[in-house]
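S.K.: Supplied structure: structure23.pdb, PDB, C-alpha atoms.
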```pdb
MODEL        1
ATOM      1  CA  MET A 824       2.689  -5.021-148.891  1.00  0.00           C
ATOM      2  CA  ALA A 825       3.461  -8.638-148.002  1.00  0.00           C
ATOM      3  CA  ARG A 826       5.857  -9.119-145.148  1.00  0.00           C
ATOM      4  CA  LYS A 827       8.973 -11.195-145.574  1.00  0.00           C
ATOM      5  CA  LYS A 828       9.058 -14.555-143.866  1.00  0.00           C
ATOM      6  CA  VAL A 829      11.838 -15.099-141.385  1.00  0.00           C
ATOM      7  CA  PHE A 830      11.320 -18.796-140.920  1.00  0.00           C
ATOM      8  CA  GLY A 831       9.483 -21.534-142.742  1.00  0.00           C
ATOM      9  CA  ARG A 832      10.084 -24.915-144.254  1.00  0.00           C
ATOM     10  CA  ILE A 833      13.653 -25.613-145.287  1.00  0.00           C
ATOM     11  CA  PRO A 834      15.161 -28.332-147.463  1.00  0.00           C
ATOM     12  CA  GLU A 835      15.432 -31.699-145.685  1.00  0.00           C
ATOM     13  CA  LYS A 836      19.227 -31.778-146.157  1.00  0.00           C
ATOM     14  CA  THR A 837      19.552 -28.398-144.419  1.00  0.00           C
ATOM     15  CA  GLN A 838      17.229 -29.547-141.619  1.00  0.00           C
ATOM     16  CA  LYS A 839      19.298 -32.702-141.061  1.00  0.00           C
ATOM     17  CA  ASP A 840      22.473 -30.580-140.904  1.00  0.00           C
ATOM     18  CA  TYR A 841      20.878 -28.282-138.292  1.00  0.00           C
ATOM     19  CA  GLU A 842      19.819 -31.321-136.275  1.00  0.00           C
ATOM     20  CA  ARG A 843      23.324 -32.806-136.405  1.00  0.00           C
ATOM     21  CA  ARG A 844      24.902 -29.532-135.288  1.00  0.00           C
ATOM     22  CA  ALA A 845      22.327 -29.122-132.511  1.00  0.00           C
ATOM     23  CA  ARG A 846      23.088 -32.619-131.207  1.00  0.00           C
ATOM     24  CA  LEU A 847      26.769 -31.724-131.022  1.00  0.00           C
ATOM     25  CA  GLN A 848      26.096 -28.420-129.249  1.00  0.00           C
ATOM     26  CA  TYR A 849      23.253 -29.428-126.936  1.00  0.00           C
ATOM     27  CA  ASN A 850      21.999 -32.510-125.181  1.00  0.00           C
ATOM     28  CA  PRO A 851      21.221 -35.010-127.986  1.00  0.00           C
ATOM     29  CA  GLN A 852      18.165 -36.253-126.078  1.00  0.00           C
ATOM     30  CA  THR A 853      16.749 -32.725-125.983  1.00  0.00           C
ATOM     31  CA  VAL A 854      17.223 -32.441-129.730  1.00  0.00           C
ATOM     32  CA  ASN A 855      15.633 -35.851-130.336  1.00  0.00           C
ATOM     33  CA  ASP A 856      12.667 -34.912-128.112  1.00  0.00           C
ATOM     34  CA  SER A 857      12.273 -31.670-130.046  1.00  0.00           C
ATOM     35  CA  ILE A 858      12.269 -33.506-133.371  1.00  0.00           C
ATOM     36  CA  ARG A 859       9.641 -35.937-132.064  1.00  0.00           C
ATOM     37  CA  ARG A 860       7.517 -33.043-130.790  1.00  0.00           C
ATOM     38  CA  TRP A 861       7.710 -31.298-134.172  1.00  0.00           C
ATOM     39  CA  ASN A 862       6.921 -34.460-136.100  1.00  0.00           C
ATOM     40  CA  ASN A 863       3.787 -35.010-133.976  1.00  0.00           C
ATOM     41  CA  TYR A 864       2.261 -31.761-135.253  1.00  0.00           C
ATOM     42  CA  THR A 865       0.048 -31.813-138.315  1.00  0.00           C
ATOM     43  CA  VAL A 866       1.197 -29.829-141.340  1.00  0.00           C
ATOM     44  CA  ASP A 867      -1.441 -27.205-140.512  1.00  0.00           C
ATOM     45  CA  GLN A 868      -0.139 -26.953-136.931  1.00  0.00           C
ATOM     46  CA  GLN A 869       3.431 -26.622-138.203  1.00  0.00           C
ATOM     47  CA  ASN A 870       2.390 -23.881-140.614  1.00  0.00           C
ATOM     48  CA  ALA A 871       0.582 -22.045-137.795  1.00  0.00           C
ATOM     49  CA  ILE A 872       3.740 -22.263-135.654  1.00  0.00           C
ATOM     50  CA  PHE A 873       5.824 -20.828-138.498  1.00  0.00           C
ATOM     51  CA  GLU A 874       3.324 -17.995-138.989  1.00  0.00           C
ATOM     52  CA  GLU A 875       3.262 -17.122-135.284  1.00  0.00           C
ATOM     53  CA  GLY A 876       7.052 -17.037-135.248  1.00  0.00           C
ATOM     54  CA  ASN A 877       7.082 -14.722-138.245  1.00  0.00           C
ATOM     55  CA  ARG A 878       4.506 -12.425-136.573  1.00  0.00           C
ATOM     56  CA  ILE A 879       6.676 -12.223-133.461  1.00  0.00           C
ATOM     57  CA  TYR A 880       9.752 -11.209-135.460  1.00  0.00           C
ATOM     58  CA  TRP A 881       7.723  -8.688-137.477  1.00  0.00           C
ATOM     59  CA  ASP A 882       6.363  -7.160-134.268  1.00  0.00           C
ATOM     60  CA  ILE A 883       9.867  -6.909-132.819  1.00  0.00           C
ATOM     61  CA  THR A 884      11.069  -5.353-136.070  1.00  0.00           C
ATOM     62  CA  ASP A 885       8.222  -2.830-135.896  1.00  0.00           C
ATOM     63  CA  ALA A 886       9.315  -1.899-132.369  1.00  0.00           C
ATOM     64  CA  LEU A 887      12.910  -1.454-133.563  1.00  0.00           C
ATOM     65  CA  GLU A 888      11.760   0.729-136.443  1.00  0.00           C
ATOM     66  CA  ALA A 889       9.624   2.766-134.035  1.00  0.00           C
ATOM     67  CA  GLY A 890      12.783   3.570-132.066  1.00  0.00           C
ATOM     68  CA  LEU A 891      11.792   1.655-128.938  1.00  0.00           C
ATOM     69  CA  PRO A 892      14.672   0.160-126.966  1.00  0.00           C
ATOM     70  CA  PRO A 893      14.629  -3.630-126.688  1.00  0.00           C
ATOM     71  CA  THR A 894      14.360  -3.217-122.917  1.00  0.00           C
ATOM     72  CA  ASP A 895      11.051  -1.296-123.189  1.00  0.00           C
ATOM     73  CA  ALA A 896       8.230  -3.014-121.281  1.00  0.00           C
ATOM     74  CA  GLU A 897       6.011  -3.219-124.372  1.00  0.00           C
ATOM     75  CA  VAL A 898       8.843  -4.698-126.444  1.00  0.00           C
ATOM     76  CA  GLN A 899       9.600  -7.181-123.696  1.00  0.00           C
ATOM     77  CA  LYS A 900       6.049  -8.532-124.152  1.00  0.00           C
ATOM     78  CA  HIS A 901       7.122  -9.618-127.633  1.00  0.00           C
ATOM     79  CA  PHE A 902      10.061 -11.472-126.092  1.00  0.00           C
ATOM     80  CA  ALA A 903       7.626 -13.218-123.750  1.00  0.00           C
ATOM     81  CA  ARG A 904       5.712 -14.327-126.874  1.00  0.00           C
ATOM     82  CA  TRP A 905       9.025 -15.441-128.397  1.00  0.00           C
ATOM     83  CA  HIS A 906       9.730 -17.494-125.265  1.00  0.00           C
ATOM     84  CA  GLU A 907       6.291 -19.117-125.442  1.00  0.00           C
ATOM     85  CA  HIS A 908       6.786 -19.797-129.152  1.00  0.00           C
ATOM     86  CA  LEU A 909      10.023 -21.679-128.426  1.00  0.00           C
ATOM     87  CA  ARG A 910       7.916 -24.069-126.358  1.00  0.00           C
ATOM     88  CA  SER A 911       6.422 -25.290-129.622  1.00  0.00           C
ATOM     89  CA  PHE A 912       9.792 -26.968-130.146  1.00  0.00           C
ATOM     90  CA  TYR A 913      11.257 -27.612-126.658  1.00  0.00           C
ATOM     91  CA  GLU A 914      11.309 -26.245-123.120  1.00  0.00           C
ATOM     92  CA  PRO A 915      13.885 -23.447-123.294  1.00  0.00           C
ATOM     93  CA  THR A 916      16.129 -22.979-120.272  1.00  0.00           C
ATOM     94  CA  PHE A 917      17.712 -19.670-119.384  1.00  0.00           C
ATOM     95  CA  GLU A 918      20.974 -21.045-120.782  1.00  0.00           C
ATOM     96  CA  ILE A 919      19.354 -22.023-124.085  1.00  0.00           C
ATOM     97  CA  MET A 920      17.697 -18.625-124.468  1.00  0.00           C
ATOM     98  CA  ARG A 921      20.984 -16.840-123.778  1.00  0.00           C
ATOM     99  CA  GLY A 922      22.671 -19.135-126.298  1.00  0.00           C
ATOM    100  CA  LEU A 923      20.049 -18.276-128.899  1.00  0.00           C
ATOM    101  CA  ALA A 924      20.533 -14.566-128.212  1.00  0.00           C
ATOM    102  CA  GLU A 925      24.248 -14.874-128.927  1.00  0.00           C
ATOM    103  CA  GLY A 926      23.613 -17.270-131.814  1.00  0.00           C
ATOM    104  CA  TYR A 927      21.391 -14.713-133.511  1.00  0.00           C
ATOM    105  CA  LYS A 928      24.511 -12.582-134.029  1.00  0.00           C
ATOM    106  CA  THR A 929      26.330 -15.326-135.963  1.00  0.00           C
ATOM    107  CA  PRO A 930      26.647 -14.771-139.718  1.00  0.00           C
ATOM    108  CA  GLU A 931      24.036 -17.406-140.595  1.00  0.00           C
ATOM    109  CA  PHE A 932      21.315 -16.011-138.325  1.00  0.00           C
ATOM    110  CA  ARG A 933      22.360 -12.401-138.880  1.00  0.00           C
ATOM    111  CA  ALA A 934      21.793 -12.821-142.613  1.00  0.00           C
ATOM    112  CA  THR A 935      18.303 -14.180-141.943  1.00  0.00           C
ATOM    113  CA  PHE A 936      17.349 -11.302-139.659  1.00  0.00           C
ATOM    114  CA  GLU A 937      18.927  -8.654-141.877  1.00  0.00           C
ATOM    115  CA  ARG A 938      16.269  -9.498-144.453  1.00  0.00           C
ATOM    116  CA  LEU A 939      13.888  -7.704-142.076  1.00  0.00           C
ATOM    117  CA  HIS A 940      16.180  -5.013-140.664  1.00  0.00           C
ATOM    118  CA  ALA A 941      19.935  -4.446-140.636  1.00  0.00           C
ATOM    119  CA  ASP A 942      20.001  -4.068-136.847  1.00  0.00           C
ATOM    120  CA  LEU A 943      17.519  -6.803-135.916  1.00  0.00           C
ATOM    121  CA  ALA A 944      20.069  -9.446-134.831  1.00  0.00           C
ATOM    122  CA  ASP A 945      21.671  -7.134-132.266  1.00  0.00           C
ATOM    123  CA  TYR A 946      18.262  -5.853-131.143  1.00  0.00           C
ATOM    124  CA  LEU A 947      17.064  -9.414-130.611  1.00  0.00           C
ATOM    125  CA  CYS A 948      20.190 -10.286-128.657  1.00  0.00           C
ATOM    126  CA  ASP A 949      19.855  -7.272-126.375  1.00  0.00           C
ATOM    127  CA  GLY A 950      16.135  -7.829-125.857  1.00  0.00           C
ATOM    128  CA  ILE A 951      16.490 -11.531-125.114  1.00  0.00           C
ATOM    129  CA  ILE A 952      19.333 -10.942-122.649  1.00  0.00           C
ATOM    130  CA  GLN A 953      17.164  -8.392-120.807  1.00  0.00           C
ATOM    131  CA  TYR A 954      14.192 -10.759-120.866  1.00  0.00           C
ATOM    132  CA  VAL A 955      16.223 -13.649-119.439  1.00  0.00           C
ATOM    133  CA  ASP A 956      17.849 -11.380-116.829  1.00  0.00           C
ATOM    134  CA  ASP A 957      14.369 -10.319-115.702  1.00  0.00           C
ATOM    135  CA  LEU A 958      13.179 -13.944-115.560  1.00  0.00           C
ATOM    136  CA  GLU A 959      16.219 -14.936-113.508  1.00  0.00           C
ATOM    137  CA  THR A 960      15.733 -12.020-111.135  1.00  0.00           C
ATOM    138  CA  ALA A 961      12.079 -12.953-110.662  1.00  0.00           C
ATOM    139  CA  GLU A 962      13.043 -16.597-110.048  1.00  0.00           C
ATOM    140  CA  ILE A 963      15.652 -15.621-107.457  1.00  0.00           C
ATOM    141  CA  GLN A 964      13.126 -13.354-105.732  1.00  0.00           C
ATOM    142  CA  ARG A 965      10.550 -16.173-105.715  1.00  0.00           C
ATOM    143  CA  MET A 966      13.090 -18.537-104.115  1.00  0.00           C
ATOM    144  CA  LEU A 967      14.036 -15.927-101.500  1.00  0.00           C
ATOM    145  CA  ASP A 968      10.355 -15.329-100.724  1.00  0.00           C
ATOM    146  CA  ASP A 969       9.799 -19.095-100.407  1.00  0.00           C
ATOM    147  CA  ASP A 970      12.774 -19.384 -98.045  1.00  0.00           C
ATOM    148  CA  GLN A 971      11.532 -16.476 -95.964  1.00  0.00           C
ATOM    149  CA  ALA A 972       8.027 -17.967 -95.752  1.00  0.00           C
ATOM    150  CA  ALA A 973       9.473 -21.331 -94.733  1.00  0.00           C
ATOM    151  CA  ASP A 974      11.562 -19.663 -92.028  1.00  0.00           C
ATOM    152  CA  GLN A 975       8.528 -17.764 -90.737  1.00  0.00           C
ATOM    153  CA  ASN A 976       6.463 -20.970 -90.623  1.00  0.00           C
ATOM    154  CA  LYS A 977       9.271 -22.767 -88.834  1.00  0.00           C
ATOM    155  CA  TYR A 978       9.278 -20.226 -85.990  1.00  0.00           C
ATOM    156  CA  ALA A 979       5.515 -19.590 -85.869  1.00  0.00           C
TER
ENDMDL
END
```
What's the structure tokens form of this structure?

M.R.:
Amino acid sequence: MARKKVFGRIPEKTQKDYERRARLQYNPQTVNDSIRRWNNYTVDQQNAIFEEGNRIYWDITDALEAGLPPTDAEVQKHFARWHEHLRSFYEPTFEIMRGLAEGYKTPEFRATFERLHADLADYLCDGIIQYVDDLETAEIQRMLDDDQAADQNKYA
């Protein structure tokens, strides 16, 4: 059975509307850089990016259907793939990823994800929030370790 696509090419008018809204919500330069990055890909590269994104959402949906919590270590690996996939478009900050998590629960995104599973939008939100929390915790720990090493070197 063929799997439903979550994302793919959209009409140019819709794309321009998304870009306009993104410029209003985020840093316009970030949006412009993202558009330039996307436009530098070949059509084959763009199609491969769409397919990888669809595979990620299918894998997350499979985990949901298997009854795994979004915080499960194996499921979190899919969110790490999701994070890497976002880099095809822009460098996602913690703030952007949290914003996407909440945005996935809006009616527009919810309708898209409900094509795969009725609970996918909430599952994505919960999984992304956990993923970002873990990244932030690891970053804080790295900074603390760096500070401690610097202090030790200062007094050595």

S.K.: Written as an NGL selection string, which residues does the PyMOL selection byres ((chain A and resi 852-862) around 6) give for the file shown?

M.R.: :A and (850-851 or 863-864 or 912-913)

S.K.: Between atom CA of Glu925 of chain A and atom CA of Gln953 of chain A, what is the spacing in Å?

M.R.: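 Taking atom CA of Gln953 of chain A and atom CA of Glu925 of chain A, their separation equals 12.6 Å.
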
S.K.: When you draw a straight line from atom CA of Ile883 of chain A to atom CA of Val829 of chain A, how long is it in Å?

M.R.: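 Atom CA of Ile883 of chain A sits 12.0 Å away from atom CA of Val829 of chain A.
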
S.K.: Which of these, A:His940, A:Arg904, A:Arg826, A:Arg910, has the shortest distance to Glu888 of chain A once you count all atoms listed in the file?

M.R.: A:His940

S.K.: Go through A:Leu958, A:Leu967, A:Leu909, A:Cys948 and flag the residue nearest Glu875 of chain A, using all atoms listed in the file for the distances.

M.R.: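 Looking only at the distances to Glu875 of chain A, the closest residue turns out to be A:Leu909.
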
S.K.: Can you list what the PyMOL selection byres ((chain A and resi 936) around 12) grabs from this structure, as a ChimeraX atom specification?

M.R.: /A:827-830,877,880-881,883-884,926-935,937-948

S.K.: Show me, as lines of an AutoDock Vina configuration file, the centre and edge lengths in Å to one decimal of the axis-aligned box that covers every listed atom of segment 831-845 of chain A with 3 Å on each side.

M.R.:
```
center_x = 17.2
center_y = -27.2
center_z = -140.0
size_x = 21.4
size_y = 17.3
size_z = 21.0
```
